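Step one of this worksheet: look at the structure below.
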Amino acid sequence: MTTGPGGEPVQLLTPRGERLADARYDGYLADVDGDAGAEVLEGLYEDLVVVRRIDAEATALQRQGELALWPPFLGQEAAQIGSGRALREDDFVFSSYRENAVAYCRGVDVGDMMRVWRGCANAGWDPFSVNMAPTQVIIGAQTLHATGYAMGIQFDGADSAAITYFGDGATSQGDLNESMVFAASFQAPVVFFCQNNQWAISEPVGLQAHVPVAHRAPGFGIPSVRVDGNDVLACLAVTREALERARSGNGPSFIEAVTYRMGPHTTADDPTRYRDANELEDWRERDPISRLEAHLDSRGLLDEGLRGRVRAKADDVAARLREETVHMPDPPASAVFEHVYTGPNSELDRQRDHYGLYLAGLEAGHGHGHAAAEREGAQ
Amino acid sequence: MTTGPGGEPVQLLTPRGERLADARYDGYLADVDGDAGAEVLEGLYEDLVVVRRIDAEATALQRQGELALWPPFLGQEAAQIGSGRALREDDFVFSSYRENAVAYCRGVDVGDMMRVWRGCANAGWDPFSVNMAPTQVIIGAQTLHATGYAMGIQFDGADSAAITYFGDGATSQGDLNESMVFAASFQAPVVFFCQNNQWAISEPVGLQAHVPVAHRAPGFGIPSVRVDGNDVLACLAVTREALERARSGNGPSFIEAVTYRMGPHTTADDPTRYRDANELEDWRERDPISRLEAHLDSRGLLDEGLRGRVRAKADDVAARLREETVHMPDPPASAVFEHVYTGPNSELDRQRDHYGLYLAGLEAGHGHGHAAAEREGAQ
Amino acid sequence: MAEMTFGKAINAGLRRALERDPKVVLMGEDIGRLGGVFRITDGLQKDFGPHRVIDTPLAESGIMGTAIGMAYRGYRPVVEIQFDGFVYPAFDQIVSQVAKLHYRTRGHVRVPLTIRVPFGGGIGSPEHHSESPEAYFAHTPGLRVVAVSNPQDAYSMIQQAIASDDPVVFFEPKRRYHDRGEVDEGIGLEGPGGLSMGAARVAVPGEDVTLVSYGPLLKTCLDAAVAASDEGVSVEVIDLRSLSPVDYPVVEESVRRTGRLVIAHEAARSGGLGAEVAASITERCFYHLEHAPVRVTGFDIPYPYSKIEHHHLPDLDRILDGVDRALGRPNSLSGLEEGE
Amino acid sequence: MAEMTFGKAINAGLRRALERDPKVVLMGEDIGRLGGVFRITDGLQKDFGPHRVIDTPLAESGIMGTAIGMAYRGYRPVVEIQFDGFVYPAFDQIVSQVAKLHYRTRGHVRVPLTIRVPFGGGIGSPEHHSESPEAYFAHTPGLRVVAVSNPQDAYSMIQQAIASDDPVVFFEPKRRYHDRGEVDEGIGLEGPGGLSMGAARVAVPGEDVTLVSYGPLLKTCLDAAVAASDEGVSVEVIDLRSLSPVDYPVVEESVRRTGRLVIAHEAARSGGLGAEVAASITERCFYHLEHAPVRVTGFDIPYPYSKIEHHHLPDLDRILDGVDRALGRPNSLSGLEEGE
Ligand SMILES: Cc1ncc(C[n+]2csc(CCOP(=O)(O)OP(=O)(O)O)c2C)c(N)n1
Ligand SMILES: Cc1ncc(C[n+]2csc(CCOP(=O)(O)OP(=O)(O)O)c2C)c(N)n1
Ligand SMILES: [Mg+2]
Ligand SMILES: [Mg+2]
């Protein structure tokens, strides 16, 4: 397990925004540290601000009844943007439900991003148009898909990689552990990216992992690193290192990004039932955006121009998100039966046809019409 | 992970039978090294010889059609006897299918031991009469039962322990890994005893574990040790240490006993299809029984008296085993319906009653009687 | 008698079970401090301590497997599966261990486990939160499977399930958790007529059609009986309660009178409980049937997203349509009938 | 035409699939050097290499999950589950991922997985080696489920399953692996009358009773037809082949002629395939039925140990008894009939 010099998570940017030199990781930040670094940093800054705005807008939309549910990633922006921006287009992402900032990096349309949470789809986007699998609800399941995909990359002789995101809670699932077995055994080009946000709903990470999460992987023969998940540069650097390892045929890596879920588990959750307000305060001081702002400021980059541009972009994205969400058309009844199979299925096709007749009959005033009337009344 | 001084598995007895001093483990062999040591050593020797004889007799019975199947433990006697003899009566064992030498240590009747393999039962013995769960076929499943049992011990405030046996192949299963999560999280008094016999049917251990198996546990926060599984004293010592840890409230331990499956996976397997004869030869030189014999000899204990006594005991056990096996009565038809539920079950009871009528009718010459005739013809 | 919500009734039943037997322990994700995502275990950890109400790591096979180990040790674990869709990682431990251990050991090992599963749809949730997996378990010998439909049964049957020496999969219709009802807290391990857990219940007596259901749809069936009676059709509604074994004598007696059977459930049609009930009742009452048993069920599709879930879930109209079909009424539009 | 064993026919079909499409890969435990514990993949790793025929770690959920990932990458994995009883650790990945991914993604992701499961009993094995889990999968929308009963179908249908863009659970009756039969190696992806995979087959035409089965019991049903014909009863035997969806028109046409239906399978009775077929055929042919459909099945018990498994498994006598019952014959002794 790799850590920072004091055994602490790898940190390249202190909470005050100082850039710490690091013999191992500086090489992965040549672009940031170099002449064109300002552009890179400003890009990361924009990303962080925009995705936080996406998160806030989605949370607001849920409160207004426009979304059924939303899993905020507030506080986890750096982990997601740092890693997400390390990826190449031909890499493939297998995430859980909370990685909407990663989806943003992949170019997912913000309307599509809301589709699942509005209840208009089980998956928001075409996975192959952005090389990112859909939202995964079953904890840990996607980690195996990533490993299998990576085995496929390997068999194809390609130099891309798969990355899988999951939470600290997921480390308890058999699937994640089996993923590491397969990844190590086949030396598959896959990166395991754990966002340890300290909580799995109401359960603290200590209930899942008796020792730091990053300890786990070396026992499977997978190198791991513990990184400050609120440090966007550190997350970028360690992910680049892991991807390089994957691309060069040196197998899987495991990253534990130590971060914090500043919001509720989802908008349906009430974290005051199980956690301490002080904890929240402590983490607020390690905020990923203020940290990058401090750094930008120290490099003389945080002027009103930048702030203004970024704000405008965030406004724009948020407006589009809201617009696309509230005007998302309700899917037709026929969607119920579509895509269960790739072709005909005698039994299901019969059910579809009969239901069509039934609906047409209701429409024509046959049948009873109680339930339809009820639903109408409720609207 | 604890290993011997050279990073090799902990060894207290060399293949030539020399007793190696060991600062950490000598304390656990005070009885062996002390004045009454001869008795302990002779006991272990008897155990090894007797269980090898059980294994040989069972294999022979299978060849003769008296057993349907048998999973030989040839070569793994020291791992099973060393650990099995470290247990207290009130400890509880959760094993797989290959730990019949452990079952012998628990006092399982040799006839009962054969029950499953003759097809006369799904479980050979009353688990509570010997504190050992029945044969487990589903790879890894029993490791969770052990951990749960150990949690129960802890909640009861007792000072006994649970031990679970499994193979190298089982380390790939989600269940074993989830067991380690639970064991570490609750600091349950459970010992994970992996017999790494190098093979999971035709798959070499390297396919399951990219690094030594014993590396796995520390990543879960569980101390581990790699021990020479063909060294009965080393197996005894490391298991005693782990049990002591469990009893004193210091949580779980993981032991990898490095050994070798000298025979086929089961009597239905043909290992020449997948493994090298040389490998077998190498391991023959590390035979657990010759090793202890050499040691006994070096202590002047291996006389004809001992040999004779042990042989007589083995003869006796083997004869009883054969006798009980070949005379095991076939279970009655009614057994099919028994013990599905602890009490009445309207649906199943109805099926049972009707089947009873049906059989009675067949008996009385009603019905067709083709199948019964066929079966009779086949016998 | 006290009025309480469905959820509160289960909570009260769990509390009684914890009080009654020190070997009863609750295990699950988030059931401690949080009281479970549905608050069914609210307050129980506070009152009984973290060794009786155990927050477990996030691993369902692990929960089930350790619960089995606790049962070996003499405990009586009550496992909460957070949502129906998360029971599948535990499927192996349930099917190969929980269900078989008593048989395997010829009665030596008992597994008095209760597996609580909030199930069914209609709550507008994302995927995997609205499954109806009961048929998988009803097809697994060694398990008892029950589903509750009202607060009184929830209160009584959870205690009976926990007291049962057989493993019980206990389905709770999550969309009814907030429904209120009268609960007689005197009815616990035994009801006035004995155990309710294994006994189907005639919820509404009737003469023309027998309407069988369980869990979340029972309420819709009761509504259907009212609506049908407005149209002059007398529907007898039966709440199965036990899905394995099914209490066939009660259904049989009814169908012999009515000659017509409708079965309603949310689960997919093919291979659902409805198939089993239809087949068994046809065997038992063939010459009394005036019409083939009618199934009103979810479609053979994965559970759809929430904006269209109301199409999938049988509602009042579809159940009434099923009743019409069973009566051979011409206004029936959705029948999968002979000759179409 | 060549005579070959059932096992060899699958091997030949797998070989053809591997030759035809470079994206076809086999995955499983011990399938490489050993050729599988039943030798079904014998020689394939040698000829196609370890990246086409992949020995995996011992973890069924891992196998299924990585196979899904390979499918995302454009591969067409064929997974071998070593024995029926070991499919349960993969149940979650099958039910929540394999079955739902195409629906989840509105058609964007296809999962052309074939899951080979040697199933059924009668081989004298220990526990977990003789399960008949087909009803679990037939009740899972999104999967296609088939069972083969003879070498020709085994050879053709394995190729069709692999070529299918839907996931297919492919059940192989392991106790028939050594049976021999004629195989026309020209019948691959399409048969003379089109795909055989989805189409039920009238194995023996007859007039008095329709006897439906699949997989291992089909042979016993053929024997039953011969024995019955000696007694003057003409039995039509139908091999379902596809268990989901069931090809009902073929069964329906037969039952409309015979008026009598018997369904035989090894799986437990309650909630088995037989219930589904009985219920659906009753719906479709109610007015043609002379007798309630009769089920001849395994009991509602965990699979018993080998010395008594012959009681559990429907044999020739029990199937003939079922035929008698369907005919209302008085020598029937085991009926679960009306009025008893
Ligand atoms: C198999 C499974 N079990 C339980 C759940 C319910 N559940 C949803 S999120 C969650 C906590 C996950 O915690 P973690 O892995 O740390 O991710 P985070 O939510 O913190 O991002 C739980 C228990 C689930 N979705 N899947
Ligand atoms: C869940 C499951 N999958 C597959 C099998 C088939 N199987 C039986 S033994 C075995 C190999 C086990 O190897 P290992 O764990 O090393 O134990 P050993 O046999 O070497 O003692 C396999 C694959 C099984 N019994 N259970
Ligand atoms: Mg978390
Ligand atoms: Mg092994």
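Labeling convention for the structure tokens: chains A, B, ... as they appear, residues from 1 per chain, ligands from 1 in order of appearance.
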
Determine, counting only C-alpha atoms, which protein, DNA and RNA residues have an atom within 10 Å of an atom of Ala133 in chain B; residues of the same chain fewer than 6 positions away are not included. Present the result as JSON, numbers by chain.
-> {"B": [92, 93, 94, 95, 96, 103, 123, 124, 125, 126, 127, 142, 145, 146, 164], "C": [69, 72, 105, 109]}

Return as number ranges by chain the residues of protein, DNA or RNA that approach ligand 3 to within 6 Å, with only C-alpha atoms and all ligand atoms taken into account.
-> A: 167-169, 196-200

Please determine the contact residues of chain C with respect to chain D at a cut-off of 6 Å, counting only C-alpha atoms, and supply them as a list in words.
->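 Close enough to count are Tyr88, Pro89, Asp92, Tyr136, His139, Pro141, Ser270, Gly271, Ala275, Glu276, Ala278, Ala279, Thr282, Glu283, Arg284, Cys285, Phe286, Ala292, Asp300, Ile301, Pro302, Glu337 and Glu338 of chain C.
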
Using only C-alpha atoms, which residues sit within 9 Å of Pro77 in chain C once same-chain residues fewer than 3 positions away are excluded, as a count of residues only?
-> 15

If we count only C-alpha atoms, what is near Gly120 in chain D at a cut-off of 12 Å, once residues fewer than 5 positions away on the same chain are taken out, given as an MDAnalysis selection string?
-> chainID D and resid 83:85 125 127:134 147:149 171:177 214:217 265:268 298 303 309 312:314

Enumerate as a PyMOL selection string the residues belonging to chain A that approach chain B to within 7 Å, with only C-alpha atoms taken into account.
-> chain A and resi 172-175+177-178+181+184-185+207-211+215-221

Export of the given selection (N, CA, C and O atoms) as a tab-separated table (two decimals), in the first residue's frame:
```
chain	number	residue	atom	x	y	z
A	172	SER	N	-17.23	-4.86	1.54
A	172	SER	CA	-17.65	-6.05	2.26
A	172	SER	C	-18.27	-7.12	1.37
A	172	SER	O	-18.40	-8.27	1.78
A	173	GLN	N	-18.68	-6.72	0.17
A	173	GLN	CA	-19.40	-7.66	-0.70
A	173	GLN	C	-18.45	-8.69	-1.32
A	173	GLN	O	-17.37	-8.34	-1.79
A	174	GLY	N	-18.92	-9.91	-1.41
A	174	GLY	CA	-18.18	-10.95	-2.08
A	174	GLY	C	-17.76	-10.55	-3.48
A	174	GLY	O	-16.63	-10.83	-3.90
A	175	ASP	N	-18.65	-9.88	-4.20
A	175	ASP	CA	-18.34	-9.55	-5.59
A	175	ASP	C	-17.07	-8.72	-5.74
A	175	ASP	O	-16.28	-8.95	-6.66
A	177	ASN	N	-14.54	-8.64	-3.80
A	177	ASN	CA	-13.38	-9.48	-3.48
A	177	ASN	C	-13.10	-10.49	-4.59
A	177	ASN	O	-11.95	-10.72	-4.97
A	178	GLU	N	-14.16	-11.05	-5.15
A	178	GLU	CA	-13.97	-11.95	-6.30
A	178	GLU	C	-13.39	-11.18	-7.48
A	178	GLU	O	-12.58	-11.71	-8.25
A	181	VAL	N	-9.77	-11.12	-7.09
A	181	VAL	CA	-9.19	-12.43	-7.41
A	181	VAL	C	-9.01	-12.56	-8.93
A	181	VAL	O	-7.92	-12.91	-9.42
A	184	ALA	N	-6.40	-10.03	-10.39
A	184	ALA	CA	-5.02	-10.40	-10.10
A	184	ALA	C	-4.62	-11.64	-10.91
A	184	ALA	O	-3.53	-11.70	-11.49
A	185	SER	N	-5.52	-12.59	-10.96
A	185	SER	CA	-5.20	-13.84	-11.63
A	185	SER	C	-4.91	-13.62	-13.12
A	185	SER	O	-3.98	-14.18	-13.67
A	207	LEU	N	-17.11	-0.46	10.46
A	207	LEU	CA	-17.90	-1.69	10.53
A	207	LEU	C	-17.59	-2.60	9.35
A	207	LEU	O	-17.71	-3.83	9.43
A	208	GLN	N	-17.19	-2.01	8.24
A	208	GLN	CA	-16.89	-2.79	7.04
A	208	GLN	C	-15.42	-3.22	7.01
A	208	GLN	O	-15.10	-4.31	6.54
A	209	ALA	N	-14.58	-2.32	7.43
A	209	ALA	CA	-13.15	-2.57	7.27
A	209	ALA	C	-12.45	-2.28	8.59
A	209	ALA	O	-12.51	-1.17	9.11
A	210	HIS	N	-11.84	-3.33	9.10
A	210	HIS	CA	-11.20	-3.23	10.41
A	210	HIS	C	-9.87	-2.48	10.30
A	210	HIS	O	-9.35	-1.99	11.30
A	211	VAL	N	-9.31	-2.45	9.11
A	211	VAL	CA	-8.07	-1.72	8.84
A	211	VAL	C	-8.35	-0.84	7.62
A	211	VAL	O	-9.37	-1.01	6.97
A	215	HIS	N	-5.60	-1.36	2.53
A	215	HIS	CA	-4.82	-2.55	2.92
A	215	HIS	C	-5.29	-3.80	2.21
A	215	HIS	O	-4.55	-4.77	2.09
A	216	ARG	N	-6.54	-3.80	1.81
A	216	ARG	CA	-7.15	-5.02	1.31
A	216	ARG	C	-6.47	-5.59	0.07
A	216	ARG	O	-6.19	-6.78	-0.03
A	217	ALA	N	-6.23	-4.70	-0.89
A	217	ALA	CA	-5.82	-5.18	-2.21
A	217	ALA	C	-4.47	-5.90	-2.24
A	217	ALA	O	-4.34	-6.92	-2.94
A	218	PRO	N	-3.46	-5.43	-1.52
A	218	PRO	CA	-2.17	-6.12	-1.61
A	218	PRO	C	-2.27	-7.61	-1.24
A	218	PRO	O	-1.51	-8.43	-1.77
A	219	GLY	N	-3.20	-7.96	-0.39
A	219	GLY	CA	-3.38	-9.36	-0.04
A	219	GLY	C	-3.87	-10.20	-1.21
A	219	GLY	O	-3.82	-11.42	-1.18
A	220	PHE	N	-4.38	-9.52	-2.23
A	220	PHE	CA	-4.78	-10.20	-3.46
A	220	PHE	C	-3.68	-10.10	-4.52
A	220	PHE	O	-3.85	-10.56	-5.64
A	221	GLY	N	-2.60	-9.43	-4.16
A	221	GLY	CA	-1.53	-9.22	-5.13
A	221	GLY	C	-1.77	-8.00	-6.00
A	221	GLY	O	-1.24	-7.90	-7.10
```

Based on DSSP run over this structure's backbone, return all residues of range 133-271 of chain C in alpha helix (DSSP H), as a PyMOL selection string.
-> chain C and resi 134-138+151-163+217-230+248-258

For chain D against ligand 2, with a cut-off of 7 Å and counting only C-alpha atoms and all ligand atoms, what is the closest atom pair and its distance in Å to one decimal for every residue that makes the cut, ordered by chain and number, as CSV?
```
residue,atom,partner,partner_atom_place_in_ligand_line,distance
D:Glu29,CA,ligand 2,23 (C),6.2
D:Leu58,CA,ligand 2,23 (C),5.9
D:Ala59,CA,ligand 2,3 (N),6.7
D:Glu60,CA,ligand 2,3 (N),6.7
D:Gln82,CA,ligand 2,4 (C),6.1
D:Phe86,CA,ligand 2,1 (C),4.6
D:Pro89,CA,ligand 2,1 (C),6.5
```

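Residues surrounding Ala161 in chain C within 10 Å are Ala17, Val78, Pro112, Leu113, Thr114, Ile115, Arg116, Arg144, Val145, Val146, Ser156, Met157, Asp165, Asp166, Pro167, Val168, Val169, Phe170, Leu189, Met197 and Gly198 of chain C [only C-alpha atoms; sequence separation below 4 positions excluded].
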
Extract, using only C-alpha atoms, all DNA, RNA and protein residues at most 10 Å from Ala162 in chain A, discarding same-chain residues fewer than 4 positions from it, and format them as a list in words.
->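 The residues satisfying every condition are Leu87, Asp90, Asp91, Phe92, Val93, Phe94, Asn131, Met132, Thr143, His145, Ala146, Thr147, Gly148, Tyr149, Ala150, Met151, Gly152, Ile153, Ala188, Pro189, Val190, Val191, Phe192, Leu243, Ala246, Arg247 and Pro252 of chain A; Gly69 of chain D.
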
Could you write out as a list in words the residues of chain C within 6 Å of chain A, counting only C-alpha atoms?
->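 Those within range of chain A come out as Asp30, Pro57, Leu58, Ala59, Tyr305, Ser306, Lys307, Leu316, Asp317, Leu333 and Ser334 of chain C.
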
Produce a file of the selected residues containing C-alpha atoms, as a PDB file, in the first residue's frame.
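Okay, this is what ended up in again_37.pdb:
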```pdb
ATOM      1  CA  ASP C  30     -28.622  -0.087   9.035  1.00  0.00           C
ATOM      2  CA  PRO C  57     -21.326  -5.305   7.229  1.00  0.00           C
ATOM      3  CA  LEU C  58     -22.831  -4.717   3.794  1.00  0.00           C
ATOM      4  CA  ALA C  59     -22.873  -8.303   2.514  1.00  0.00           C
ATOM      5  CA  TYR C 305     -38.965   2.185 -13.916  1.00  0.00           C
ATOM      6  CA  SER C 306     -41.362   4.096 -11.787  1.00  0.00           C
ATOM      7  CA  LYS C 307     -43.048   6.244 -14.414  1.00  0.00           C
ATOM      8  CA  LEU C 316     -58.255  -2.377  -9.355  1.00  0.00           C
ATOM      9  CA  ASP C 317     -59.328  -2.358 -13.005  1.00  0.00           C
ATOM     10  CA  LEU C 333     -60.741  -7.331 -22.753  1.00  0.00           C
ATOM     11  CA  SER C 334     -57.469  -8.742 -21.592  1.00  0.00           C
TER      12      SER C 334
END
```

Between CA of Gly263 in chain B and CA of Gly35 in chain D, distance in Å (one decimal) =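 CA of Gly35 in chain D lies at a distance of 19.2 Å from CA of Gly263 in chain B.
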
Would you please extract all strand (DSSP E or B) residues from range 41-269 of chain A, as assigned by DSSP on the backbone, and give them as a PyMOL selection string?
-> chain A and resi 92-94+132+162-167+190-196+199-200+203-204+224-228+253-258

Name the residues in contact with Ala224 in chain C at a cut-off of 10 Å, using only C-alpha atoms, excluding same-chain residues fewer than 4 positions from it; report them as number ranges by chain.
-> A: 370; C: 211, 218-220, 228-230, 235, 237, 315-321, 323

Take the residues that were just selected and, keeping all heavy atoms, output them as a short mmCIF file (atom, residue, chain, number, x, y, z; two decimals), in the first residue's frame.
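Printed below is part-v9.cif as written:
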```cif
data_model
loop_
_atom_site.label_atom_id
_atom_site.label_comp_id
_atom_site.auth_asym_id
_atom_site.auth_seq_id
_atom_site.Cartn_x
_atom_site.Cartn_y
_atom_site.Cartn_z
N HIS A 370 -61.89 2.25 -12.67
CA HIS A 370 -61.69 2.78 -11.32
C HIS A 370 -60.28 3.27 -11.11
O HIS A 370 -60.04 4.38 -10.65
CB HIS A 370 -61.96 1.69 -10.28
CG HIS A 370 -63.36 1.22 -10.26
ND1 HIS A 370 -64.38 1.95 -9.68
CD2 HIS A 370 -63.94 0.10 -10.75
CE1 HIS A 370 -65.52 1.29 -9.81
NE2 HIS A 370 -65.28 0.16 -10.45
N LEU C 211 -61.44 -14.86 -5.12
CA LEU C 211 -60.31 -14.01 -5.50
C LEU C 211 -59.21 -14.22 -4.46
O LEU C 211 -59.37 -13.88 -3.29
CB LEU C 211 -60.76 -12.54 -5.55
CG LEU C 211 -59.72 -11.46 -5.80
CD1 LEU C 211 -58.96 -11.72 -7.10
CD2 LEU C 211 -60.38 -10.08 -5.83
N LEU C 218 -53.57 -7.46 -1.53
CA LEU C 218 -54.78 -7.84 -0.83
C LEU C 218 -55.71 -6.65 -0.68
O LEU C 218 -56.92 -6.76 -0.88
CB LEU C 218 -54.51 -8.48 0.52
CG LEU C 218 -55.78 -9.28 0.85
CD1 LEU C 218 -55.72 -10.66 0.27
CD2 LEU C 218 -56.12 -9.25 2.29
N LYS C 219 -55.13 -5.52 -0.35
CA LYS C 219 -55.96 -4.32 -0.21
C LYS C 219 -56.69 -4.01 -1.52
O LYS C 219 -57.88 -3.67 -1.52
CB LYS C 219 -55.06 -3.14 0.19
CG LYS C 219 -55.81 -1.84 0.40
CD LYS C 219 -54.88 -0.79 1.01
CE LYS C 219 -55.60 0.53 1.24
NZ LYS C 219 -56.23 1.05 0.01
N THR C 220 -55.98 -4.13 -2.64
CA THR C 220 -56.62 -3.87 -3.92
C THR C 220 -57.75 -4.88 -4.16
O THR C 220 -58.79 -4.53 -4.73
CB THR C 220 -55.56 -3.97 -5.05
OG1 THR C 220 -54.35 -3.36 -4.59
CG2 THR C 220 -56.02 -3.26 -6.30
N ALA C 228 -67.04 -4.65 -7.11
CA ALA C 228 -67.82 -5.70 -7.78
C ALA C 228 -69.21 -5.80 -7.16
O ALA C 228 -70.21 -5.97 -7.86
CB ALA C 228 -67.09 -7.04 -7.70
N SER C 229 -69.25 -5.65 -5.86
CA SER C 229 -70.55 -5.79 -5.19
C SER C 229 -71.48 -4.66 -5.64
O SER C 229 -72.68 -4.86 -5.77
CB SER C 229 -70.37 -5.86 -3.68
OG SER C 229 -70.84 -4.72 -3.06
N ASP C 230 -70.91 -3.50 -5.94
CA ASP C 230 -71.72 -2.41 -6.51
C ASP C 230 -72.35 -2.83 -7.82
O ASP C 230 -73.40 -2.33 -8.20
CB ASP C 230 -70.85 -1.17 -6.77
CG ASP C 230 -70.40 -0.51 -5.46
OD1 ASP C 230 -70.94 -0.90 -4.39
OD2 ASP C 230 -69.51 0.36 -5.50
N VAL C 235 -67.88 -11.25 -4.49
CA VAL C 235 -66.51 -11.79 -4.56
C VAL C 235 -66.05 -12.25 -3.19
O VAL C 235 -66.16 -11.50 -2.22
CB VAL C 235 -65.54 -10.72 -5.11
CG1 VAL C 235 -64.10 -11.21 -5.06
CG2 VAL C 235 -65.91 -10.32 -6.53
N VAL C 237 -62.89 -12.93 -1.06
CA VAL C 237 -61.46 -12.62 -1.09
C VAL C 237 -60.74 -13.49 -0.06
O VAL C 237 -61.10 -13.50 1.12
CB VAL C 237 -61.19 -11.14 -0.79
CG1 VAL C 237 -59.70 -10.85 -0.83
CG2 VAL C 237 -61.93 -10.26 -1.79
N ASP C 315 -53.87 -3.48 -11.00
CA ASP C 315 -54.60 -2.49 -10.22
C ASP C 315 -56.06 -2.92 -10.14
O ASP C 315 -56.44 -4.01 -10.59
CB ASP C 315 -54.44 -1.09 -10.82
CG ASP C 315 -54.93 -1.02 -12.26
OD1 ASP C 315 -55.63 -1.97 -12.70
OD2 ASP C 315 -54.61 -0.05 -12.95
N LEU C 316 -56.85 -2.06 -9.57
CA LEU C 316 -58.25 -2.38 -9.36
C LEU C 316 -58.92 -2.81 -10.66
O LEU C 316 -59.65 -3.81 -10.72
CB LEU C 316 -58.93 -1.12 -8.78
CG LEU C 316 -60.38 -1.23 -8.34
CD1 LEU C 316 -60.55 -2.37 -7.35
CD2 LEU C 316 -60.80 0.08 -7.69
N ASP C 317 -58.68 -2.05 -11.73
CA ASP C 317 -59.33 -2.36 -13.01
C ASP C 317 -58.92 -3.72 -13.54
O ASP C 317 -59.74 -4.47 -14.04
CB ASP C 317 -58.95 -1.30 -14.05
CG ASP C 317 -59.62 0.02 -13.76
OD1 ASP C 317 -60.60 0.03 -12.99
OD2 ASP C 317 -59.15 1.05 -14.28
N ARG C 318 -57.63 -4.00 -13.45
CA ARG C 318 -57.19 -5.28 -14.00
C ARG C 318 -57.72 -6.44 -13.17
O ARG C 318 -58.02 -7.50 -13.69
CB ARG C 318 -55.66 -5.34 -14.11
CG ARG C 318 -55.19 -4.68 -15.42
CD ARG C 318 -53.69 -4.54 -15.48
NE ARG C 318 -53.02 -5.83 -15.54
CZ ARG C 318 -51.73 -6.00 -15.29
NH1 ARG C 318 -50.97 -4.96 -14.94
NH2 ARG C 318 -51.19 -7.20 -15.38
N ILE C 319 -57.82 -6.22 -11.88
CA ILE C 319 -58.36 -7.29 -11.05
C ILE C 319 -59.86 -7.47 -11.34
O ILE C 319 -60.35 -8.60 -11.49
CB ILE C 319 -58.09 -7.01 -9.55
CG1 ILE C 319 -56.58 -7.15 -9.30
CG2 ILE C 319 -58.89 -7.96 -8.66
CD1 ILE C 319 -56.13 -6.77 -7.91
N LEU C 320 -60.56 -6.37 -11.51
CA LEU C 320 -61.99 -6.47 -11.86
C LEU C 320 -62.15 -7.13 -13.23
O LEU C 320 -63.08 -7.91 -13.46
CB LEU C 320 -62.63 -5.08 -11.85
CG LEU C 320 -62.84 -4.50 -10.44
CD1 LEU C 320 -63.25 -3.03 -10.52
CD2 LEU C 320 -63.89 -5.31 -9.67
N ASP C 321 -61.24 -6.81 -14.13
CA ASP C 321 -61.27 -7.44 -15.44
C ASP C 321 -61.06 -8.95 -15.31
O ASP C 321 -61.70 -9.74 -16.00
CB ASP C 321 -60.19 -6.81 -16.32
CG ASP C 321 -60.14 -7.43 -17.71
OD1 ASP C 321 -61.02 -7.10 -18.52
OD2 ASP C 321 -59.24 -8.26 -17.94
N VAL C 323 -61.88 -10.70 -12.71
CA VAL C 323 -63.13 -11.23 -12.15
C VAL C 323 -64.14 -11.42 -13.28
O VAL C 323 -64.82 -12.45 -13.39
CB VAL C 323 -63.68 -10.29 -11.05
CG1 VAL C 323 -65.11 -10.68 -10.66
CG2 VAL C 323 -62.75 -10.31 -9.84
#
```

Provide the CA of Arg52 in chain D to CA of Glu80 in chain D distance in Å, to one decimal place.
-> 13.2 Å
